[in-house]
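Structure first, then comments.
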Amino acid sequence: MKSPYIKFFRIMSIEKQCFKMKYILIINGPNLNLLGKREPEVYGSQTFEDYFQILCDKYTTLKLEYFQSNHEGALLDKIHAVGFAPDCTGIVLNAGAYTHTSVALRDAIAGVKTPVVEVHISNVHKREEFRHHSYVSPVAAGVIFGFGIKGYDLAIESFLIG
Ligand code: CA2
C-alpha cells in the first residue's frame, strides 16, 4: 500500500506542474465564426474550431483557450477577465473589423497587464484603405498580418520565445 505521504507529494507535484502550465487565450472578433464557411479565397477554407484543435494537439504543454464573439462589449469583458490573471501568459487577438473602429478595445488592451499579440489572417495593408488603420497595433506587444490562419500559431510561438 502507498504511503499517504507519497500520495500527498505526488498530488502536490501534479498541482505544481499544472500551475506552471502557460495559459494563452485566443480571441476572435466579429464574423470570424464564419471562417471556412464563406470567402475562402480571402480567409481560407478551414473553420477556426478545426484549426484550434490542431493547435491544442500541437501545444499539449500549454493551456489554450478560444473565445469568439460578435459583440464589442463581450470582447472587452473577456480581455478584462483574463487581463489581470497572473497565470495568463498572453492573449492572441484578431479583433476583426473592430480593429479599425474600436477605441474601447484599444483602451481595454492598454489597461490590462497581459500582453496582446494582434493577428490578421489577411494582409490588411494590401486591402481597402479603411483596413490600413488599426486601433490595436499601437498598444499590442506585436502584430502578425497576412500569413493566413497560421498567424495564430506564430503568435503563440512569440509568447514561447519571449
Ligand atoms: O484578416 C483578418 O483577419 C481580418 O481581421 C478579418 C476581418 C476584417 O474585417 C479585418 O479587416 C481583417 C473580417 C472577418 C470576417 O471573416 C469572414 C470569414 C469568412 C466569411 C466572411 C467573413
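By convention in this document, the chains of the C-alpha cells carry letters A, B, ... by their order, each chain's residues are numbered from 1, and ligands are numbered from 1 in the order they are shown.
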
Can I get the residues close to ligand 1 as a PyMOL selection string, where close means within 8 Å and we count only C-alpha atoms and all ligand atoms? chain A and resi 29-40+42-43+94-100+119-124+131+145-146+148

Save the residues we just selected, C-alpha atoms, as a PDB file, in the first residue's frame?
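Produced file part_19.pdb, reproduced below:
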```
ATOM      1  CA  GLY A  29     -13.931  39.157 -33.042  1.00  0.00           C
ATOM      2  CA  PRO A  30     -16.911  39.708 -35.311  1.00  0.00           C
ATOM      3  CA  ASN A  31     -17.677  37.426 -38.235  1.00  0.00           C
ATOM      4  CA  LEU A  32     -14.678  35.184 -37.594  1.00  0.00           C
ATOM      5  CA  ASN A  33     -17.183  32.469 -36.675  1.00  0.00           C
ATOM      6  CA  LEU A  34     -17.786  32.359 -40.457  1.00  0.00           C
ATOM      7  CA  LEU A  35     -14.241  31.178 -41.218  1.00  0.00           C
ATOM      8  CA  GLY A  36     -14.235  28.218 -43.568  1.00  0.00           C
ATOM      9  CA  LYS A  37     -17.852  28.840 -44.498  1.00  0.00           C
ATOM     10  CA  ARG A  38     -17.563  31.842 -46.876  1.00  0.00           C
ATOM     11  CA  GLU A  39     -14.890  33.857 -48.730  1.00  0.00           C
ATOM     12  CA  PRO A  40     -12.304  31.003 -48.783  1.00  0.00           C
ATOM     13  CA  VAL A  42      -9.525  35.611 -48.600  1.00  0.00           C
ATOM     14  CA  TYR A  43      -9.734  33.666 -45.332  1.00  0.00           C
ATOM     15  CA  ASN A  94      -7.967  39.044 -34.042  1.00  0.00           C
ATOM     16  CA  ALA A  95     -10.468  41.807 -33.406  1.00  0.00           C
ATOM     17  CA  GLY A  96     -11.847  41.573 -36.961  1.00  0.00           C
ATOM     18  CA  ALA A  97     -13.458  44.803 -38.138  1.00  0.00           C
ATOM     19  CA  TYR A  98     -13.347  46.281 -34.584  1.00  0.00           C
ATOM     20  CA  THR A  99      -9.605  46.607 -35.198  1.00  0.00           C
ATOM     21  CA  HIS A 100     -10.356  49.564 -37.449  1.00  0.00           C
ATOM     22  CA  VAL A 119      -3.280  38.800 -35.631  1.00  0.00           C
ATOM     23  CA  HIS A 120      -4.931  39.237 -39.013  1.00  0.00           C
ATOM     24  CA  ILE A 121      -5.392  36.371 -41.405  1.00  0.00           C
ATOM     25  CA  SER A 122      -5.233  38.622 -44.465  1.00  0.00           C
ATOM     26  CA  ASN A 123      -2.632  41.271 -45.189  1.00  0.00           C
ATOM     27  CA  VAL A 124      -4.824  44.238 -44.300  1.00  0.00           C
ATOM     28  CA  ARG A 131      -8.371  48.362 -43.154  1.00  0.00           C
ATOM     29  CA  PHE A 145      -0.604  40.157 -40.682  1.00  0.00           C
ATOM     30  CA  GLY A 146      -1.096  38.206 -43.868  1.00  0.00           C
ATOM     31  CA  GLY A 148      -3.291  33.121 -43.236  1.00  0.00           C
TER      32      GLY A 148
END
```

Considering only C-alpha atoms, return as an MDAnalysis selection string whatever protein or nucleic-acid residues lie within 12 Å of Ala74 (chain A), sequence-local ones (same chain, fewer than 4 positions apart) excluded. chainID A and resid 27:30 67:70 78:81 95 104:105 108

Could the residues in this selection be saved with C-alpha atoms as a PDB file, in the first residue's frame?
```pdb
ATOM      1  CA  ILE A  27      -9.867  35.840 -29.011  1.00  0.00           C
ATOM      2  CA  ASN A  28     -11.636  36.235 -32.339  1.00  0.00           C
ATOM      3  CA  GLY A  29     -13.931  39.157 -33.042  1.00  0.00           C
ATOM      4  CA  PRO A  30     -16.911  39.708 -35.311  1.00  0.00           C
ATOM      5  CA  PHE A  67     -13.226  32.710 -27.281  1.00  0.00           C
ATOM      6  CA  GLN A  68     -15.202  34.283 -30.138  1.00  0.00           C
ATOM      7  CA  SER A  69     -17.813  36.994 -30.036  1.00  0.00           C
ATOM      8  CA  ASN A  70     -19.569  39.278 -32.477  1.00  0.00           C
ATOM      9  CA  LYS A  78     -13.147  38.822 -21.796  1.00  0.00           C
ATOM     10  CA  ILE A  79      -9.996  40.961 -22.024  1.00  0.00           C
ATOM     11  CA  HIS A  80     -10.757  42.420 -18.570  1.00  0.00           C
ATOM     12  CA  ALA A  81     -11.476  38.971 -17.144  1.00  0.00           C
ATOM     13  CA  ALA A  95     -10.468  41.807 -33.406  1.00  0.00           C
ATOM     14  CA  ALA A 104     -12.790  50.984 -26.439  1.00  0.00           C
ATOM     15  CA  LEU A 105     -10.840  47.895 -27.480  1.00  0.00           C
ATOM     16  CA  ALA A 108      -9.021  47.775 -22.756  1.00  0.00           C
TER      17      ALA A 108
END
```

Report, in Å to a single decimal, how far apart CA of His132 (chain A) and CA of Gly83 (chain A) are.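 Between CA of Gly83 (chain A) and CA of His132 (chain A) the gap is 26.4 Å.
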
Residue among A:Val136, A:Val82, A:Ile91, A:Leu55 lying closest to Arg106 (chain A), counting only C-alpha atoms: A:Val136

Identify all residues of region 56-141 of chain A in alpha helix (DSSP H) (DSSP on the backbone) and supply them as a count of residues only. 23

Within 7 Å of Val117 (chain A), counting only C-alpha atoms, which residues qualify if same-chain residues fewer than 3 places away don't, as a PDB file with N, CA and C atoms, in the first residue's frame?
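The result, written out as around_16.pdb:
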```pdb
ATOM      1  N   ILE A  91      -2.492  37.053 -24.719  1.00  0.00           N
ATOM      2  CA  ILE A  91      -3.736  36.995 -25.491  1.00  0.00           C
ATOM      3  C   ILE A  91      -3.375  37.167 -26.961  1.00  0.00           C
ATOM      4  N   VAL A  92      -3.910  36.279 -27.793  1.00  0.00           N
ATOM      5  CA  VAL A  92      -3.783  36.397 -29.242  1.00  0.00           C
ATOM      6  C   VAL A  92      -5.125  36.948 -29.721  1.00  0.00           C
ATOM      7  N   LEU A  93      -5.105  38.136 -30.308  1.00  0.00           N
ATOM      8  CA  LEU A  93      -6.362  38.807 -30.637  1.00  0.00           C
ATOM      9  C   LEU A  93      -6.493  39.119 -32.119  1.00  0.00           C
ATOM     10  N   ALA A 140      -0.424  46.929 -28.875  1.00  0.00           N
ATOM     11  CA  ALA A 140      -0.136  45.487 -28.937  1.00  0.00           C
ATOM     12  C   ALA A 140       1.355  45.235 -28.678  1.00  0.00           C
ATOM     13  N   ALA A 141       1.640  44.047 -28.173  1.00  0.00           N
ATOM     14  CA  ALA A 141       3.047  43.661 -27.973  1.00  0.00           C
ATOM     15  C   ALA A 141       3.699  43.363 -29.320  1.00  0.00           C
ATOM     16  N   GLY A 142       2.897  42.940 -30.282  1.00  0.00           N
ATOM     17  CA  GLY A 142       3.397  42.639 -31.620  1.00  0.00           C
ATOM     18  C   GLY A 142       2.233  42.454 -32.566  1.00  0.00           C
ATOM     19  N   VAL A 143       2.532  42.457 -33.861  1.00  0.00           N
ATOM     20  CA  VAL A 143       1.462  42.313 -34.854  1.00  0.00           C
ATOM     21  C   VAL A 143       1.863  41.287 -35.922  1.00  0.00           C
ATOM     22  N   ALA A 155       1.761  33.637 -33.469  1.00  0.00           N
ATOM     23  CA  ALA A 155       1.537  34.483 -32.281  1.00  0.00           C
ATOM     24  C   ALA A 155       1.788  33.683 -31.002  1.00  0.00           C
TER      25      ALA A 155
END
```

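The gap separating CA of Lys150 (chain A) from CA of Lys63 (chain A) is 18.3 Å, in Å to one decimal.
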
From a DSSP pass on the backbone, collect the residues of chain A flagged as strand (DSSP E) and hand them back as a PyMOL selection string. chain A and resi 22-28+62-68+88-94+116-120+142-145

Residue nearest Thr114 (chain A) among A:Asp87, A:Glu128, A:Asp50, A:Glu157 (counting only C-alpha atoms):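 Distance minimum relative to Thr114 (chain A) lands on A:Asp87.
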